[in-house]
Amino acid sequence: MSGSVNTTLLIIGGGPGGYVAAIRAAQLGVPTVLVEGASLGGTCLNIGCIPSKALIHVAEQFHALQAYAGDSPLGIRTRAPELDLARSVAWKDGIVKRLTGGVATLLKRHKVTVIQGWAHIVDGKTVDVTSEGAKGKAGAPQRIRCEHMLLATGSEPVALPFMPFGGKVISSTDALSPRELPKALAIVGAGYIGLELGVVYRKFGVKVDVVEAQDRILPAYDAELVKPVHASLKALGVGLHLQTQVLGLAEDGEGIRIQPPKSEERVLAADQVLVAVGRKPRSRGFGLSSLMLDMNGLAVRVDDRCRTSMNGVWAIGDLTGEPMLAHRAMAQGECVAEQVAGQMRQFVPQAIPAVCFTDPEVVTAGLSPAQAEKAGMDAIEGVFPLAANGRAMTLESTDGFVRVVARRDNHLIVGWQAVGRGVSEFAAAFAQSIEMGARLEDVAHTIHAHPTQGEAIQEAALRALGEAIHI
Ligand code: FAD
Ligand code: NAD
């Protein structure tokens with residue numbers, strides 16, 4: 001043992017859940033130690049949200065320039081663009097470095113003790129941390145004792161047992177740092193990662209085929225909402241193989257064997273295979289099982305205050321299961337920090353917005369019409385197409401719509417959905433209106449700036465009231 005540290009709050013994992021909890025706890029005067037085995041910022045900053053959105057931007061710019069090299073109605077003519085992939089990846093890495101460096105600085109400024117190393121749980125108040133010493137050898141473990149332990153170890157990609165990661169079979173982490181582009185990429189899973197990265201690779205000029213077990217893409221969202229995404233993928237030339245099983249790698253390694261519905265098994269040619277069939281909580285391999293916490297499969301079960309079944313042990317973020325989203329992890333982190341500092345807090349959000357950064361984007365907060373009906377609610381809805389929005393026309397982004405769902409009796413807004421270019425930014429307005437208990441009239445009678453795509457939000461509320469102006 002190379003020494004021991006005593007603290008009030010010990011956080012395992014420096015992702016968006018863990019680092020936000022650490023900063024908030026330190027702001028409130030709680031002595032805090034944060035242990036991170038890989039890199040501060042976790043999945044989100046290093047191999048998730050940020051790098052994927054950076055590459056999506058590169059692909060969008062490249063694709064727009066390609067359009068200008070053809071017959072652009074905007075009257076812009078340019079030569080066919082070239083992609084310097086190494087530079088694109090370096091630009092993406094630069095953003096990651098700036099942000100992770102920023103997190104390190106914030107933690108330092110708040111006097112959080114950051115320990116680089118892998119934590120191993122000894123008991124509910126004790127953790128041993130092993131750091132890599134010189135020449136990559138593990139140094140002697142450091143013991144940390146705490147009053148409160150916060151588990152924020154995140155998640156990892158699910159592998160297909162018959163097609164494990166390695167060689168041609170890659171995860172999102174590999175797909176975010178390509179050295180060269182494959183000619184043909186097969187993607188297993190038409191969820192968030194499969195489609196966000198599928199669009200990137202397709203816009204870079206790669207032949208992309210997506211294989212999905214369910215009968216539609218993005219099955220977590222409602223069918224109407226994903227139709228414009230489906231149409232856009234088709235227009236981009238992405239091959240969509242729905243209701244299709246993946247059987248394994250082809251024998252010659254030149255692709256994957258698939259079983260489409262109602263037809264013969266066949267080989268889908270590909271020189272790389274991105275497996276994106278979901279993520280699982282990282283709850284194994286560091287002694288967590290010794291705490292005998294109540295679990296929900298691999299996820300740690302928590303109550304509405306993020307407490308686990310053991311006194312003084314808290315859990316947040318992807319480790320606690322769906323929805324595995326960075327902003328949920330951050331909000332839970334703040335919630336726990338404030339409770340450790342003695343405040344009364346609960347984690348009971350009215351809505352956790354979700355965005356899929358495809359082209360067009362999809363954004364939701366609260367209930368869809370079907371979910372409202374399932375909840376036994378008598379609901380009304382208002383839909384406003386972006387085709388009737390002036391700003392959307394000037395941005396060449398008229399595919400899509402905004403939909404609001406509200407209670408029929410008192411017009412309380414219970415859900416929002418939108419699909420369209422740039423609509424991810426609606427997440428703020430959607431979540432705020434639900435969290436603040438807005439009624440349709442509140443949104444309908446708020447003056448929205450013209451010309452903005454946000455006017456479609458107001459018009460959706462007006463339409464639900466039967467008062468839409470521009471349709
Ligand atoms: P993580 O970010 O996974 O952090 C956990 C940290 O704990 C890691 O740094 C890990 O090294 C560390 N750790 C684990 N075990 C130990 C141990 N024993 N000792 C020390 N350290 C340990 N979400 C969104 O909201 N929006 C997006 O656009 C989005 N895009 C994504 C794109 C991709 C490609 C991926 C993979 C994910 C994306 N996500 C997105 C999901 C998001 O990244 C996660 O929801 C979020 O990072 C979860 O935060 P967390 O703090 O719970 O865990
Ligand atoms: P996902 O759950 O979004 O999608 C997985 C897809 O794979 C589903 O459509 C599922 O039906 C399909 N699938 C599962 N097994 C299959 C099989 N054997 N063959 C064919 N299809 C199969 O998972 P993901 O795309 O891996 O992303 C993981 C998580 O990361 C997400 O759930 C989300 O929490 C997070 N994430 C969020 C964002 C964002 O917020 N924009 C972006 C990326 C990732």
# chains A, B, ... in the order shown; residues from 1 in each chain; ligands from 1
$ residues_around --residues "Lys227 of chain A" --least-positions-apart "4" --cutoff "12 Å" --atoms "only C-alpha atoms" --output "VMD selection string"
chain A and resid 216 to 219 221 to 223 231 to 234 359 to 362 399 to 401 418 to 420
$ write_last_selection --atoms "C-alpha atoms" --output "compact mmCIF listing (two decimals), in the first residue's frame"
# COMPACT_ATOMS: atom_id res chain seq x y z
CA ARG A 216 -37.75 0.21 -38.52
CA ILE A 217 -34.80 2.46 -37.85
CA LEU A 218 -34.44 4.20 -34.46
CA PRO A 219 -37.03 1.92 -32.85
CA TYR A 221 -38.59 6.84 -31.31
CA ASP A 222 -42.13 6.94 -32.72
CA ALA A 223 -42.62 5.77 -36.28
CA ALA A 231 -36.20 8.98 -46.45
CA SER A 232 -33.00 10.97 -46.08
CA LEU A 233 -30.89 7.85 -45.52
CA LYS A 234 -32.38 6.38 -48.69
CA ASP A 359 -29.63 14.31 -40.91
CA PRO A 360 -32.34 15.45 -40.27
CA GLU A 361 -32.07 15.51 -36.48
CA VAL A 362 -34.66 14.06 -34.13
CA ASP A 399 -38.23 18.16 -44.32
CA GLY A 400 -39.68 17.61 -40.90
CA PHE A 401 -42.17 18.88 -38.36
CA ALA A 418 -39.47 17.34 -33.76
CA VAL A 419 -37.55 16.16 -36.76
CA GLY A 420 -35.64 18.47 -39.07
$ residues_near_ligand --ligand "ligand 2" --cutoff "6 Å" --atoms "only C-alpha atoms and all ligand atoms" --output "list in words"
Val188, Gly189, Ala190, Gly191, Tyr192, Ile193, Gly194, Val211, Glu212, Ala213, Gln214, Leu218, Pro219, Gln245, Val246, Ala276, Val277, Gly278, Arg279, Pro323, Met324, Leu325, Ala354, Val355, Cys356 and Phe357 of chain A
$ write_last_selection --atoms "N, CA and C atoms" --output "mmCIF file, in the first residue's frame"
data_model
loop_
_atom_site.group_PDB
_atom_site.id
_atom_site.type_symbol
_atom_site.label_atom_id
_atom_site.label_comp_id
_atom_site.auth_asym_id
_atom_site.auth_seq_id
_atom_site.Cartn_x
_atom_site.Cartn_y
_atom_site.Cartn_z
ATOM 1 N N VAL A 188 -24.128 -2.856 -37.773
ATOM 2 C CA VAL A 188 -25.169 -3.663 -37.124
ATOM 3 C C VAL A 188 -25.827 -2.786 -36.077
ATOM 4 N N GLY A 189 -27.123 -2.493 -36.272
ATOM 5 C CA GLY A 189 -27.864 -1.659 -35.329
ATOM 6 C C GLY A 189 -28.183 -0.304 -35.930
ATOM 7 N N ALA A 190 -29.488 -0.026 -36.097
ATOM 8 C CA ALA A 190 -29.908 1.279 -36.635
ATOM 9 C C ALA A 190 -30.415 2.144 -35.499
ATOM 10 N N GLY A 191 -29.609 2.206 -34.411
ATOM 11 C CA GLY A 191 -29.942 3.067 -33.286
ATOM 12 C C GLY A 191 -29.149 4.355 -33.394
ATOM 13 N N TYR A 192 -28.912 4.978 -32.237
ATOM 14 C CA TYR A 192 -28.203 6.258 -32.209
ATOM 15 C C TYR A 192 -26.858 6.177 -32.933
ATOM 16 N N ILE A 193 -25.999 5.252 -32.465
ATOM 17 C CA ILE A 193 -24.625 5.241 -32.977
ATOM 18 C C ILE A 193 -24.592 4.803 -34.439
ATOM 19 N N GLY A 194 -25.327 3.731 -34.744
ATOM 20 C CA GLY A 194 -25.331 3.206 -36.109
ATOM 21 C C GLY A 194 -25.711 4.277 -37.117
ATOM 22 N N VAL A 211 -27.814 -2.856 -40.852
ATOM 23 C CA VAL A 211 -28.654 -4.032 -40.606
ATOM 24 C C VAL A 211 -29.334 -3.858 -39.260
ATOM 25 N N GLU A 212 -30.651 -3.933 -39.242
ATOM 26 C CA GLU A 212 -31.402 -3.694 -38.014
ATOM 27 C C GLU A 212 -32.368 -4.863 -37.782
ATOM 28 N N ALA A 213 -32.379 -5.363 -36.546
ATOM 29 C CA ALA A 213 -33.244 -6.502 -36.223
ATOM 30 C C ALA A 213 -34.731 -6.115 -36.222
ATOM 31 N N GLN A 214 -35.034 -4.884 -35.797
ATOM 32 C CA GLN A 214 -36.438 -4.451 -35.725
ATOM 33 C C GLN A 214 -36.950 -4.053 -37.122
ATOM 34 N N LEU A 218 -34.233 3.474 -35.724
ATOM 35 C CA LEU A 218 -34.441 4.200 -34.460
ATOM 36 C C LEU A 218 -35.714 3.724 -33.745
ATOM 37 N N PRO A 219 -35.783 2.434 -33.420
ATOM 38 C CA PRO A 219 -37.034 1.918 -32.849
ATOM 39 C C PRO A 219 -37.421 2.552 -31.515
ATOM 40 N N GLN A 245 -31.521 -10.440 -39.494
ATOM 41 C CA GLN A 245 -30.600 -10.984 -38.491
ATOM 42 C C GLN A 245 -29.188 -11.015 -39.059
ATOM 43 N N VAL A 246 -28.210 -10.729 -38.205
ATOM 44 C CA VAL A 246 -26.810 -10.896 -38.593
ATOM 45 C C VAL A 246 -26.380 -12.271 -38.092
ATOM 46 N N ALA A 276 -23.042 -1.739 -33.362
ATOM 47 C CA ALA A 276 -23.626 -0.675 -32.523
ATOM 48 C C ALA A 276 -25.008 -1.153 -32.076
ATOM 49 N N VAL A 277 -24.992 -2.176 -31.210
ATOM 50 C CA VAL A 277 -26.259 -2.796 -30.786
ATOM 51 C C VAL A 277 -26.605 -2.425 -29.343
ATOM 52 N N GLY A 278 -26.031 -1.338 -28.858
ATOM 53 C CA GLY A 278 -26.354 -0.859 -27.514
ATOM 54 C C GLY A 278 -25.139 -0.834 -26.616
ATOM 55 N N ARG A 279 -25.316 -0.273 -25.420
ATOM 56 C CA ARG A 279 -24.247 -0.214 -24.423
ATOM 57 C C ARG A 279 -24.754 -0.832 -23.132
ATOM 58 N N PRO A 323 -32.279 6.141 -19.425
ATOM 59 C CA PRO A 323 -31.627 6.468 -20.688
ATOM 60 C C PRO A 323 -30.155 6.815 -20.465
ATOM 61 N N MET A 324 -29.285 6.218 -21.281
ATOM 62 C CA MET A 324 -27.846 6.448 -21.110
ATOM 63 C C MET A 324 -27.468 7.714 -21.878
ATOM 64 N N LEU A 325 -27.683 8.845 -21.231
ATOM 65 C CA LEU A 325 -27.437 10.141 -21.862
ATOM 66 C C LEU A 325 -26.588 11.006 -20.939
ATOM 67 N N ALA A 354 -34.077 14.007 -25.476
ATOM 68 C CA ALA A 354 -33.166 13.110 -26.203
ATOM 69 C C ALA A 354 -33.046 13.628 -27.627
ATOM 70 N N VAL A 355 -31.837 13.552 -28.143
ATOM 71 C CA VAL A 355 -31.584 14.035 -29.515
ATOM 72 C C VAL A 355 -30.826 12.976 -30.279
ATOM 73 N N CYS A 356 -31.229 12.707 -31.495
ATOM 74 C CA CYS A 356 -30.408 11.879 -32.366
ATOM 75 C C CYS A 356 -29.899 12.793 -33.479
ATOM 76 N N PHE A 357 -28.563 12.872 -33.580
ATOM 77 C CA PHE A 357 -27.943 13.844 -34.491
ATOM 78 C C PHE A 357 -27.755 13.268 -35.896
#
$ residues_near_ligand --ligand "ligand 1" --cutoff "6 Å" --atoms "only C-alpha atoms and all ligand atoms" --output "ChimeraX atom specification"
/A:12-18,35-40,42-44,48-49,52,117-120,152-155,172,193,286,317-319,324-327,329
$ residues_around --residues "Ser4 of chain A" --least-positions-apart "3" --cutoff "12 Å" --atoms "only C-alpha atoms" --output "number ranges by chain"
A: 1, 7, 115, 126-129, 140-146
$ write_last_selection --atoms "N, CA, C and O atoms" --output "PDB file, in the first residue's frame"
ATOM      1  N   MET A   1       0.846  -1.199   0.000  1.00  0.00           N
ATOM      2  CA  MET A   1       0.000   0.000   0.000  1.00  0.00           C
ATOM      3  C   MET A   1       0.887   1.257   0.000  1.00  0.00           C
ATOM      4  O   MET A   1       1.817   1.340   0.801  1.00  0.00           O
ATOM      5  N   THR A   7     -11.484  10.988   2.899  1.00  0.00           N
ATOM      6  CA  THR A   7     -12.267  12.062   2.301  1.00  0.00           C
ATOM      7  C   THR A   7     -13.735  11.916   2.677  1.00  0.00           C
ATOM      8  O   THR A   7     -14.164  10.864   3.164  1.00  0.00           O
ATOM      9  N   ILE A 115      -7.333  11.536  -8.657  1.00  0.00           N
ATOM     10  CA  ILE A 115      -6.351  10.444  -8.627  1.00  0.00           C
ATOM     11  C   ILE A 115      -6.504   9.637  -9.901  1.00  0.00           C
ATOM     12  O   ILE A 115      -7.598   9.152 -10.225  1.00  0.00           O
ATOM     13  N   THR A 126     -14.389   1.952   1.489  1.00  0.00           N
ATOM     14  CA  THR A 126     -12.951   1.821   1.188  1.00  0.00           C
ATOM     15  C   THR A 126     -12.725   1.372  -0.256  1.00  0.00           C
ATOM     16  O   THR A 126     -13.386   0.443  -0.737  1.00  0.00           O
ATOM     17  N   VAL A 127     -11.745   2.037  -0.869  1.00  0.00           N
ATOM     18  CA  VAL A 127     -11.392   1.714  -2.254  1.00  0.00           C
ATOM     19  C   VAL A 127      -9.871   1.691  -2.375  1.00  0.00           C
ATOM     20  O   VAL A 127      -9.189   2.510  -1.753  1.00  0.00           O
ATOM     21  N   ASP A 128      -9.348   0.749  -3.124  1.00  0.00           N
ATOM     22  CA  ASP A 128      -7.915   0.762  -3.452  1.00  0.00           C
ATOM     23  C   ASP A 128      -7.766   1.238  -4.896  1.00  0.00           C
ATOM     24  O   ASP A 128      -8.496   0.779  -5.779  1.00  0.00           O
ATOM     25  N   VAL A 129      -6.816   2.128  -5.113  1.00  0.00           N
ATOM     26  CA  VAL A 129      -6.611   2.642  -6.475  1.00  0.00           C
ATOM     27  C   VAL A 129      -5.231   2.216  -6.965  1.00  0.00           C
ATOM     28  O   VAL A 129      -4.221   2.449  -6.292  1.00  0.00           O
ATOM     29  N   ALA A 140       2.068   0.387  -6.471  1.00  0.00           N
ATOM     30  CA  ALA A 140       1.382  -0.127  -5.279  1.00  0.00           C
ATOM     31  C   ALA A 140       0.057   0.602  -5.124  1.00  0.00           C
ATOM     32  O   ALA A 140      -0.010   1.804  -5.369  1.00  0.00           O
ATOM     33  N   PRO A 141      -1.012  -0.133  -4.724  1.00  0.00           N
ATOM     34  CA  PRO A 141      -2.306   0.543  -4.621  1.00  0.00           C
ATOM     35  C   PRO A 141      -2.346   1.570  -3.497  1.00  0.00           C
ATOM     36  O   PRO A 141      -1.628   1.459  -2.506  1.00  0.00           O
ATOM     37  N   GLN A 142      -3.190   2.582  -3.719  1.00  0.00           N
ATOM     38  CA  GLN A 142      -3.380   3.630  -2.723  1.00  0.00           C
ATOM     39  C   GLN A 142      -4.762   3.399  -2.107  1.00  0.00           C
ATOM     40  O   GLN A 142      -5.733   3.168  -2.843  1.00  0.00           O
ATOM     41  N   ARG A 143      -4.874   3.460  -0.802  1.00  0.00           N
ATOM     42  CA  ARG A 143      -6.175   3.201  -0.163  1.00  0.00           C
ATOM     43  C   ARG A 143      -6.894   4.525   0.110  1.00  0.00           C
ATOM     44  O   ARG A 143      -6.292   5.487   0.601  1.00  0.00           O
ATOM     45  N   ILE A 144      -8.179   4.572  -0.246  1.00  0.00           N
ATOM     46  CA  ILE A 144      -8.976   5.775   0.021  1.00  0.00           C
ATOM     47  C   ILE A 144     -10.167   5.381   0.882  1.00  0.00           C
ATOM     48  O   ILE A 144     -10.886   4.420   0.558  1.00  0.00           O
ATOM     49  N   ARG A 145     -10.332   6.104   1.983  1.00  0.00           N
ATOM     50  CA  ARG A 145     -11.494   5.861   2.851  1.00  0.00           C
ATOM     51  C   ARG A 145     -12.424   7.061   2.741  1.00  0.00           C
ATOM     52  O   ARG A 145     -11.972   8.206   2.656  1.00  0.00           O
ATOM     53  N   CYS A 146     -13.726   6.783   2.756  1.00  0.00           N
ATOM     54  CA  CYS A 146     -14.679   7.879   2.530  1.00  0.00           C
ATOM     55  C   CYS A 146     -15.939   7.688   3.373  1.00  0.00           C
ATOM     56  O   CYS A 146     -16.231   6.587   3.836  1.00  0.00           O
TER      57      CYS A 146
END
$ closest_residue --among "A:Val238, A:Val96, A:Ala375, A:Val313" --to "Thr8 of chain A" --atoms "only C-alpha atoms"
A:Val313
$ residues_around --residues "Ile457 of chain A" --least-positions-apart "2" --cutoff "10 Å" --atoms "only C-alpha atoms" --output "VMD selection string"
chain A and resid 382 to 384 386 401 to 404 416 to 418 426 429 to 430 443 to 444 448 452 to 455 459 to 463
$ closest_residue --among "A:Ser283, A:Asn389, A:Ser289, A:Thr100" --to "Ile316 of chain A" --atoms "only C-alpha atoms"
A:Ser283
$ closest_residue --among "A:Ala250, A:Val30, A:Ala235, A:Ile258" --to "Lys111 of chain A" --atoms "only C-alpha atoms"
A:Val30
$ select_by_dssp --residues "segment 131-217 of chain A" --states "helix (DSSP H, G or I)" --output "ChimeraX atom specification"
/A:134-136,172-175,192-203
$ residues_around --residues "Leu10 of chain A" --least-positions-apart "2" --cutoff "6 Å" --atoms "only C-alpha atoms" --output "ChimeraX atom specification"
/A:32-34,146,149
$ closest_residue --among "A:Gly166, A:Pro182, A:Pro353, A:Gly376" --to "Arg407 of chain A" --atoms "only C-alpha atoms"
A:Gly376
$ closest_residue --among "A:Ile50, A:Ala186, A:Leu242, A:Ile11" --to "Ala315 of chain A" --atoms "only C-alpha atoms"
A:Ile11
$ select_by_dssp --residues "segment 206-351 of chain A" --states "strand (DSSP E)" --output "NGL selection string"
:A and (207-211 or 239-241 or 245-249 or 255-259 or 266-269 or 272-275 or 279-281 or 295-296 or 299-300 or 313-315)
$ atom_distance --atom1 "atom CA of Val20 of chain A" --atom2 "atom CA of Ala138 of chain A"
28.0 Å
$ closest_residue --among "A:Gly312, A:Pro164, A:Gly390, A:Pro81" --to "Leu9 of chain A" --atoms "only C-alpha atoms"
A:Gly312
$ residues_around --residues "Val208 of chain A" --least-positions-apart "4" --cutoff "7 Å" --atoms "only C-alpha atoms" --output "list in words"
Ala184, Leu185, Ala186, Gly198, Arg202, Val238 and Gly239 of chain A
$ write_last_selection --atoms "all heavy atoms" --output "compact mmCIF listing (two decimals), in the first residue's frame"
# COMPACT_ATOMS: atom_id res chain seq x y z
N ALA A 184 -16.38 -0.19 -48.01
CA ALA A 184 -17.77 -0.51 -47.66
C ALA A 184 -17.83 -0.83 -46.17
O ALA A 184 -17.02 -1.59 -45.65
CB ALA A 184 -18.24 -1.71 -48.47
N LEU A 185 -18.79 -0.20 -45.50
CA LEU A 185 -18.96 -0.40 -44.05
C LEU A 185 -20.33 -1.01 -43.80
O LEU A 185 -21.35 -0.46 -44.25
CB LEU A 185 -18.86 0.96 -43.34
CG LEU A 185 -19.12 0.96 -41.83
CD1 LEU A 185 -17.99 0.26 -41.07
CD2 LEU A 185 -19.26 2.40 -41.30
N ALA A 186 -20.34 -2.14 -43.09
CA ALA A 186 -21.63 -2.71 -42.66
C ALA A 186 -21.82 -2.31 -41.20
O ALA A 186 -20.88 -2.41 -40.39
CB ALA A 186 -21.60 -4.23 -42.80
N GLY A 198 -23.19 6.21 -39.29
CA GLY A 198 -23.49 5.74 -40.65
C GLY A 198 -23.59 6.92 -41.61
O GLY A 198 -23.06 6.89 -42.72
N ARG A 202 -21.13 7.68 -44.77
CA ARG A 202 -21.75 7.78 -46.11
C ARG A 202 -21.40 9.13 -46.74
O ARG A 202 -21.06 9.21 -47.93
CB ARG A 202 -23.28 7.62 -46.00
CG ARG A 202 -24.00 7.66 -47.31
CD ARG A 202 -23.65 6.46 -48.21
NE ARG A 202 -23.91 6.74 -49.61
CZ ARG A 202 -23.03 6.60 -50.59
NH1 ARG A 202 -21.80 6.16 -50.33
NH2 ARG A 202 -23.35 6.86 -51.82
N VAL A 238 -27.80 5.13 -48.34
CA VAL A 238 -27.47 4.16 -47.28
C VAL A 238 -28.39 2.94 -47.47
O VAL A 238 -29.61 3.09 -47.59
CB VAL A 238 -27.71 4.78 -45.88
CG1 VAL A 238 -27.57 3.73 -44.78
CG2 VAL A 238 -26.77 5.95 -45.65
N GLY A 239 -27.80 1.75 -47.50
CA GLY A 239 -28.60 0.53 -47.62
C GLY A 239 -29.23 0.19 -46.28
O GLY A 239 -28.52 0.14 -45.27
$ residues_around --residues "Met295 of chain A" --least-positions-apart "2" --cutoff "12 Å" --atoms "only C-alpha atoms" --output "PDB file with N, CA, C and O atoms, in the first residue's frame"
ATOM      1  N   PRO A 281     -24.150  -1.194 -18.736  1.00  0.00           N
ATOM      2  CA  PRO A 281     -23.511  -0.557 -17.577  1.00  0.00           C
ATOM      3  C   PRO A 281     -22.200  -1.262 -17.220  1.00  0.00           C
ATOM      4  O   PRO A 281     -22.106  -2.490 -17.314  1.00  0.00           O
ATOM      5  N   SER A 283     -20.362  -2.513 -14.602  1.00  0.00           N
ATOM      6  CA  SER A 283     -20.545  -2.843 -13.183  1.00  0.00           C
ATOM      7  C   SER A 283     -19.709  -4.041 -12.760  1.00  0.00           C
ATOM      8  O   SER A 283     -19.853  -4.543 -11.656  1.00  0.00           O
ATOM      9  N   ARG A 284     -18.844  -4.518 -13.661  1.00  0.00           N
ATOM     10  CA  ARG A 284     -18.041  -5.702 -13.324  1.00  0.00           C
ATOM     11  C   ARG A 284     -16.554  -5.381 -13.347  1.00  0.00           C
ATOM     12  O   ARG A 284     -16.125  -4.468 -14.039  1.00  0.00           O
ATOM     13  N   LEU A 288     -17.404  -4.290  -7.411  1.00  0.00           N
ATOM     14  CA  LEU A 288     -18.724  -3.764  -7.056  1.00  0.00           C
ATOM     15  C   LEU A 288     -19.656  -4.873  -6.557  1.00  0.00           C
ATOM     16  O   LEU A 288     -20.472  -4.663  -5.653  1.00  0.00           O
ATOM     17  N   SER A 289     -19.489  -6.065  -7.135  1.00  0.00           N
ATOM     18  CA  SER A 289     -20.399  -7.156  -6.761  1.00  0.00           C
ATOM     19  C   SER A 289     -20.270  -7.512  -5.272  1.00  0.00           C
ATOM     20  O   SER A 289     -21.214  -7.992  -4.656  1.00  0.00           O
ATOM     21  N   LEU A 291     -20.336  -5.596  -2.885  1.00  0.00           N
ATOM     22  CA  LEU A 291     -21.240  -4.774  -2.070  1.00  0.00           C
ATOM     23  C   LEU A 291     -22.651  -5.362  -2.026  1.00  0.00           C
ATOM     24  O   LEU A 291     -23.479  -4.924  -1.228  1.00  0.00           O
ATOM     25  N   MET A 292     -22.922  -6.347  -2.899  1.00  0.00           N
ATOM     26  CA  MET A 292     -24.234  -7.017  -2.953  1.00  0.00           C
ATOM     27  C   MET A 292     -25.372  -6.000  -3.090  1.00  0.00           C
ATOM     28  O   MET A 292     -26.401  -6.105  -2.417  1.00  0.00           O
ATOM     29  N   LEU A 293     -25.182  -4.996  -3.955  1.00  0.00           N
ATOM     30  CA  LEU A 293     -26.232  -3.984  -4.148  1.00  0.00           C
ATOM     31  C   LEU A 293     -27.406  -4.586  -4.909  1.00  0.00           C
ATOM     32  O   LEU A 293     -27.234  -5.532  -5.675  1.00  0.00           O
ATOM     33  N   GLY A 297     -30.371  -6.238 -13.634  1.00  0.00           N
ATOM     34  CA  GLY A 297     -29.434  -6.783 -14.623  1.00  0.00           C
ATOM     35  C   GLY A 297     -28.042  -6.288 -14.285  1.00  0.00           C
ATOM     36  O   GLY A 297     -27.586  -6.430 -13.150  1.00  0.00           O
ATOM     37  N   LEU A 298     -27.385  -5.660 -15.270  1.00  0.00           N
ATOM     38  CA  LEU A 298     -26.036  -5.128 -15.008  1.00  0.00           C
ATOM     39  C   LEU A 298     -26.084  -3.732 -14.394  1.00  0.00           C
ATOM     40  O   LEU A 298     -25.056  -3.188 -13.972  1.00  0.00           O
ATOM     41  N   ALA A 299     -27.281  -3.115 -14.382  1.00  0.00           N
ATOM     42  CA  ALA A 299     -27.395  -1.743 -13.876  1.00  0.00           C
ATOM     43  C   ALA A 299     -27.585  -1.735 -12.364  1.00  0.00           C
ATOM     44  O   ALA A 299     -28.262  -2.601 -11.814  1.00  0.00           O
ATOM     45  N   VAL A 300     -26.974  -0.733 -11.726  1.00  0.00           N
ATOM     46  CA  VAL A 300     -27.174  -0.573 -10.281  1.00  0.00           C
ATOM     47  C   VAL A 300     -28.535   0.085 -10.068  1.00  0.00           C
ATOM     48  O   VAL A 300     -28.835   1.123 -10.687  1.00  0.00           O
ATOM     49  N   ARG A 301     -29.354  -0.518  -9.217  1.00  0.00           N
ATOM     50  CA  ARG A 301     -30.689   0.039  -8.974  1.00  0.00           C
ATOM     51  C   ARG A 301     -30.583   1.209  -7.990  1.00  0.00           C
ATOM     52  O   ARG A 301     -29.924   1.076  -6.945  1.00  0.00           O
ATOM     53  N   VAL A 302     -31.191   2.331  -8.348  1.00  0.00           N
ATOM     54  CA  VAL A 302     -31.176   3.489  -7.445  1.00  0.00           C
ATOM     55  C   VAL A 302     -32.603   3.991  -7.227  1.00  0.00           C
ATOM     56  O   VAL A 302     -33.488   3.753  -8.056  1.00  0.00           O
ATOM     57  N   ASP A 303     -32.794   4.709  -6.115  1.00  0.00           N
ATOM     58  CA  ASP A 303     -34.122   5.286  -5.861  1.00  0.00           C
ATOM     59  C   ASP A 303     -34.186   6.699  -6.445  1.00  0.00           C
ATOM     60  O   ASP A 303     -33.279   7.119  -7.180  1.00  0.00           O
ATOM     61  N   THR A 308     -28.244   3.907  -3.672  1.00  0.00           N
ATOM     62  CA  THR A 308     -28.286   2.460  -3.922  1.00  0.00           C
ATOM     63  C   THR A 308     -28.893   1.803  -2.675  1.00  0.00           C
ATOM     64  O   THR A 308     -29.282   2.494  -1.721  1.00  0.00           O
ATOM     65  N   SER A 309     -28.887   0.470  -2.674  1.00  0.00           N
ATOM     66  CA  SER A 309     -29.469  -0.231  -1.522  1.00  0.00           C
ATOM     67  C   SER A 309     -28.530  -0.220  -0.315  1.00  0.00           C
ATOM     68  O   SER A 309     -28.896  -0.703   0.751  1.00  0.00           O
ATOM     69  N   MET A 310     -27.310   0.336  -0.459  1.00  0.00           N
ATOM     70  CA  MET A 310     -26.388   0.415   0.692  1.00  0.00           C
ATOM     71  C   MET A 310     -26.249   1.860   1.153  1.00  0.00           C
ATOM     72  O   MET A 310     -25.997   2.755   0.337  1.00  0.00           O
ATOM     73  N   ALA A 315     -25.238   5.999  -6.831  1.00  0.00           N
ATOM     74  CA  ALA A 315     -24.851   5.656  -8.209  1.00  0.00           C
ATOM     75  C   ALA A 315     -25.591   6.561  -9.187  1.00  0.00           C
ATOM     76  O   ALA A 315     -26.747   6.935  -8.954  1.00  0.00           O
ATOM     77  N   LEU A 319     -24.240   3.791 -15.502  1.00  0.00           N
ATOM     78  CA  LEU A 319     -24.166   2.631 -14.605  1.00  0.00           C
ATOM     79  C   LEU A 319     -25.554   2.271 -14.069  1.00  0.00           C
ATOM     80  O   LEU A 319     -25.802   1.123 -13.699  1.00  0.00           O
ATOM     81  N   THR A 320     -26.454   3.263 -14.038  1.00  0.00           N
ATOM     82  CA  THR A 320     -27.791   3.008 -13.489  1.00  0.00           C
ATOM     83  C   THR A 320     -28.801   2.679 -14.591  1.00  0.00           C
ATOM     84  O   THR A 320     -29.997   2.597 -14.320  1.00  0.00           O
ATOM     85  N   GLY A 321     -28.332   2.500 -15.828  1.00  0.00           N
ATOM     86  CA  GLY A 321     -29.218   2.055 -16.912  1.00  0.00           C
ATOM     87  C   GLY A 321     -29.772   3.186 -17.748  1.00  0.00           C
ATOM     88  O   GLY A 321     -29.254   4.297 -17.746  1.00  0.00           O
TER      89      GLY A 321
END
$ atom_distance --atom1 "atom CA of Ala392 of chain A" --atom2 "atom CA of Val423 of chain A"
10.4 Å
$ decode --residues "segment 282-287 of chain A" --atoms "C-alpha atoms" --output "CSV table (one decimal), in the first residue's frame"
chain,number,residue,atom,x,y,z
A,282,ARG,CA,-19.9,-1.0,-16.5
A,283,SER,CA,-20.5,-2.8,-13.2
A,284,ARG,CA,-18.0,-5.7,-13.3
A,285,GLY,CA,-14.3,-6.1,-12.7
A,286,PHE,CA,-13.8,-3.6,-9.9
A,287,GLY,CA,-15.3,-5.3,-6.8
